[in-house]
Amino acid sequence: MKKLLVVLLVVLAVLSFAKPLKVALLLNGNLGDKSFFDSAARGLDMAIRQLGIQGKIIEASYKQENWRPYLEDLSDQDYDIIIVGTWQMQEILEEVAAMNPDKKYFIFDTSVDYSKPGVKNVYSILYKQNEGSFLMGALAAMITTSGMPKTNPEPIIGFLGGMDIPVINDFLVGYIEGARYINPNIKVLISYVGNFNDPAKGKELSLAMYRQGADIIFNVAGNTGIGLLEAAKEADRWAIGVDSDQALIYESTDIEIAKRIVTSMMKNVDLSIFRGIKMHLEGRLVYGRAENLGILEGGVGVADNKYYRELVPEQFRNKIKEIENKITKGEIKVGTVFGMSQDDLNKLRMSVKP
């Protein structure tokens, strides 16, 4: 009995001096986008509060020359996991991870190329944004000709993309398919800003789409999308947020913007980062692979907040739930840009042009 007690005391002593997991989140941008990077930061904060880890957020800004030096510097420090995101970090991470085989890395919203050597220490998190945006397209198509305040009789909706790149176009494919599911004759105005950090340009292009007849526009533009939300307020039209629950974020700072965001397509970067860290702590996370998280896995979904419930008619919300169920059951197969030719993408875009 005494021996058992001694063993237990030793174990407790070891555990009491065990170092907490150290995690760094490197943003190739800045906090304050009220969207993508802010969501990633919330995920790390959740892990700090609920899992007892040590965490640090590093803002490398949107200057690309900063990104690799920051990642190399963090890799030289004593962090157990280093987290990065976006397609722009893929090649940088592939090279740095290969030089630091004893480190663990996450990358979200894209995947490293696992056919390359040296990336078995990387866990990639992908999202089925096409599924979430299918729901947004269906909702926009219902709202645009509903007779709701701020709408006109024309079946025209809008899409603001940060850049003309695959992940943004995956949103677009789902959005168009969802809108057509409701109205095969829907028209979609499409604008790309060219980067994710130009709210002024985002506002300019959004106002132009509102003037052309769109009464609701989907924001898929990161920090640039702040301009769309400002345009919705100025034009007194509807907007759909992205990544984070943007209505609730704006509620305390600009209620007039919040009241024009009917919902947001949640890309749950925060929950996926928290989930990955938790699985690592439990010894269940498998590195050297990518996971693709959709509606079923909680990777994407609808922001079911008070604005959504107050602004969107119940019959529309019930229809969105019905569509969600059909997607999770495989009764609706949502198309994706991945594997689609450029010609087919161009044809799709032209087919919904007003």
# chains A, B, ... in the order shown; residues from 1 in each chain; ligands from 1

call {"tool": "closest_atom_pairs", "arguments": {"of": "range 140-167 of chain A", "to": "range 257-272 of chain A", "cutoff": "10 Å", "atoms": "only C-alpha atoms", "output": "tab-separated table"}}
result
residue	atom	partner	partner_atom	distance
A:Ala140	CA	A:Val262	CA	9.4
A:Ile143	CA	A:Val262	CA	9.7
A:Lys150	CA	A:Arg260	CA	9.5

call {"tool": "closest_residue", "arguments": {"among": "A:Asp343, A:Glu230, A:Asp164, A:Glu94", "to": "Lys201 in chain A", "atoms": "only C-alpha atoms"}}
result
A:Glu230

call {"tool": "residues_around", "arguments": {"residues": "Asp109 in chain A", "least_positions_apart": "6", "cutoff": "12 Å", "atoms": "only C-alpha atoms", "output": "JSON, numbers by chain"}}
result
{"A": [36, 37, 40, 83, 84, 85, 86, 87, 88, 89, 90, 123, 124, 125, 126, 127, 128, 129, 166, 167, 168, 170, 243, 267, 268, 269, 270, 272, 273, 290, 291, 292, 293, 299, 300]}

call {"tool": "write_last_selection", "arguments": {"atoms": "N, CA, C and O atoms", "output": "compact mmCIF listing (two decimals), in the first residue's frame"}}
result
# COMPACT_ATOMS: atom_id res chain seq x y z
N PHE A 36 -12.19 35.86 -41.11
CA PHE A 36 -11.37 34.67 -41.20
C PHE A 36 -10.29 34.61 -40.11
O PHE A 36 -10.22 33.64 -39.35
N PHE A 37 -9.42 35.62 -40.05
CA PHE A 37 -8.33 35.59 -39.08
C PHE A 37 -8.84 35.75 -37.65
O PHE A 37 -8.30 35.15 -36.71
N ALA A 40 -9.86 32.33 -36.50
CA ALA A 40 -8.71 31.50 -36.11
C ALA A 40 -8.23 31.88 -34.71
O ALA A 40 -7.91 31.01 -33.89
N ILE A 83 0.66 26.99 -36.12
CA ILE A 83 -0.52 26.97 -36.98
C ILE A 83 -0.46 28.14 -37.96
O ILE A 83 -0.21 29.28 -37.57
N VAL A 84 -0.69 27.82 -39.22
CA VAL A 84 -0.79 28.85 -40.26
C VAL A 84 -2.04 28.56 -41.09
O VAL A 84 -2.66 27.50 -40.96
N GLY A 85 -2.39 29.51 -41.94
CA GLY A 85 -3.57 29.31 -42.79
C GLY A 85 -3.44 30.00 -44.12
O GLY A 85 -2.55 30.83 -44.32
N THR A 86 -4.32 29.65 -45.03
CA THR A 86 -4.50 30.17 -46.39
C THR A 86 -3.55 29.52 -47.39
O THR A 86 -2.44 29.09 -47.04
N TRP A 87 -4.00 29.51 -48.63
CA TRP A 87 -3.24 28.90 -49.72
C TRP A 87 -1.90 29.58 -49.93
O TRP A 87 -0.95 28.96 -50.42
N GLN A 88 -1.78 30.85 -49.53
CA GLN A 88 -0.54 31.57 -49.74
C GLN A 88 0.61 31.06 -48.87
O GLN A 88 1.77 31.33 -49.14
N MET A 89 0.26 30.30 -47.83
CA MET A 89 1.29 29.76 -46.94
C MET A 89 1.68 28.33 -47.28
O MET A 89 2.58 27.77 -46.65
N GLN A 90 1.04 27.72 -48.26
CA GLN A 90 1.27 26.30 -48.53
C GLN A 90 2.73 25.99 -48.86
O GLN A 90 3.37 25.16 -48.20
N TYR A 123 -0.60 18.70 -40.36
CA TYR A 123 -2.02 18.35 -40.39
C TYR A 123 -2.76 19.46 -41.11
O TYR A 123 -2.68 20.63 -40.72
N SER A 124 -3.46 19.12 -42.19
CA SER A 124 -4.16 20.11 -43.01
C SER A 124 -5.66 20.05 -42.75
O SER A 124 -6.25 18.97 -42.67
N ILE A 125 -6.26 21.24 -42.62
CA ILE A 125 -7.70 21.35 -42.38
C ILE A 125 -8.35 22.04 -43.57
O ILE A 125 -8.04 23.20 -43.87
N LEU A 126 -9.23 21.32 -44.23
CA LEU A 126 -9.99 21.87 -45.35
C LEU A 126 -11.45 22.00 -44.94
O LEU A 126 -11.90 21.34 -44.01
N TYR A 127 -12.18 22.83 -45.67
CA TYR A 127 -13.59 23.05 -45.37
C TYR A 127 -14.40 22.90 -46.66
O TYR A 127 -13.96 23.33 -47.73
N LYS A 128 -15.57 22.33 -46.53
CA LYS A 128 -16.45 22.21 -47.69
C LYS A 128 -17.28 23.49 -47.80
O LYS A 128 -18.48 23.51 -47.57
N GLN A 129 -16.58 24.57 -48.18
CA GLN A 129 -17.25 25.85 -48.30
C GLN A 129 -18.33 25.83 -49.37
O GLN A 129 -19.29 26.60 -49.32
N PRO A 166 -9.09 29.30 -56.51
CA PRO A 166 -9.95 28.13 -56.34
C PRO A 166 -10.82 28.14 -55.09
O PRO A 166 -12.01 27.84 -55.17
N VAL A 167 -10.27 28.47 -53.93
CA VAL A 167 -11.08 28.38 -52.71
C VAL A 167 -12.25 29.37 -52.76
O VAL A 167 -13.36 29.06 -52.33
N ILE A 168 -12.05 30.55 -53.32
CA ILE A 168 -13.13 31.53 -53.44
C ILE A 168 -14.13 31.07 -54.49
O ILE A 168 -15.36 31.20 -54.31
N ASP A 170 -14.80 28.05 -55.15
CA ASP A 170 -15.57 26.94 -54.59
C ASP A 170 -16.81 27.48 -53.86
O ASP A 170 -17.88 26.88 -53.92
N ASP A 243 -17.53 33.36 -42.70
CA ASP A 243 -16.51 32.87 -41.77
C ASP A 243 -16.91 33.02 -40.31
O ASP A 243 -16.98 32.04 -39.57
N LYS A 267 -17.70 29.49 -41.57
CA LYS A 267 -16.60 28.56 -41.81
C LYS A 267 -15.91 28.46 -40.46
O LYS A 267 -15.20 29.39 -40.05
N ASN A 268 -16.13 27.37 -39.77
CA ASN A 268 -15.77 27.28 -38.36
C ASN A 268 -14.29 26.99 -38.16
O ASN A 268 -13.89 25.95 -37.61
N VAL A 269 -13.48 27.95 -38.60
CA VAL A 269 -12.03 27.85 -38.41
C VAL A 269 -11.72 27.71 -36.92
O VAL A 269 -10.87 26.92 -36.52
N ASP A 270 -12.44 28.48 -36.10
CA ASP A 270 -12.19 28.45 -34.65
C ASP A 270 -12.40 27.05 -34.07
O ASP A 270 -11.53 26.51 -33.38
N SER A 272 -12.47 24.22 -35.65
CA SER A 272 -11.58 23.21 -36.23
C SER A 272 -10.19 23.27 -35.61
O SER A 272 -9.54 22.24 -35.41
N ILE A 273 -9.71 24.48 -35.31
CA ILE A 273 -8.41 24.62 -34.65
C ILE A 273 -8.48 24.06 -33.22
O ILE A 273 -7.60 23.32 -32.78
N ALA A 290 -4.84 15.29 -44.61
CA ALA A 290 -5.79 16.40 -44.64
C ALA A 290 -7.17 15.89 -44.27
O ALA A 290 -7.54 14.77 -44.61
N GLU A 291 -7.93 16.72 -43.55
CA GLU A 291 -9.34 16.45 -43.27
C GLU A 291 -10.18 17.51 -43.96
O GLU A 291 -9.82 18.69 -43.99
N ASN A 292 -11.33 17.09 -44.48
CA ASN A 292 -12.23 18.01 -45.17
C ASN A 292 -13.54 18.06 -44.39
O ASN A 292 -14.28 17.07 -44.33
N LEU A 293 -13.83 19.20 -43.78
CA LEU A 293 -14.96 19.33 -42.85
C LEU A 293 -16.12 20.07 -43.50
O LEU A 293 -15.97 21.21 -43.94
N GLY A 299 -18.01 21.74 -39.92
CA GLY A 299 -17.01 22.64 -40.48
C GLY A 299 -17.60 23.90 -41.06
O GLY A 299 -16.96 24.96 -41.07
N VAL A 300 -18.81 23.82 -41.58
CA VAL A 300 -19.50 24.97 -42.15
C VAL A 300 -20.97 24.93 -41.72
O VAL A 300 -21.48 23.88 -41.32

call {"tool": "atom_distance", "arguments": {"atom1": "CA of Ala60 in chain A", "atom2": "CA of Asp102 in chain A"}}
result
23.4 Å

call {"tool": "select_by_dssp", "arguments": {"residues": "range 111-329 of chain A", "states": "alpha helix (DSSP H)", "output": "PyMOL selection string"}}
result
chain A and resi 129-144+166-182+199-211+226-235+246-250+255-258+269-281+306-311+314-328
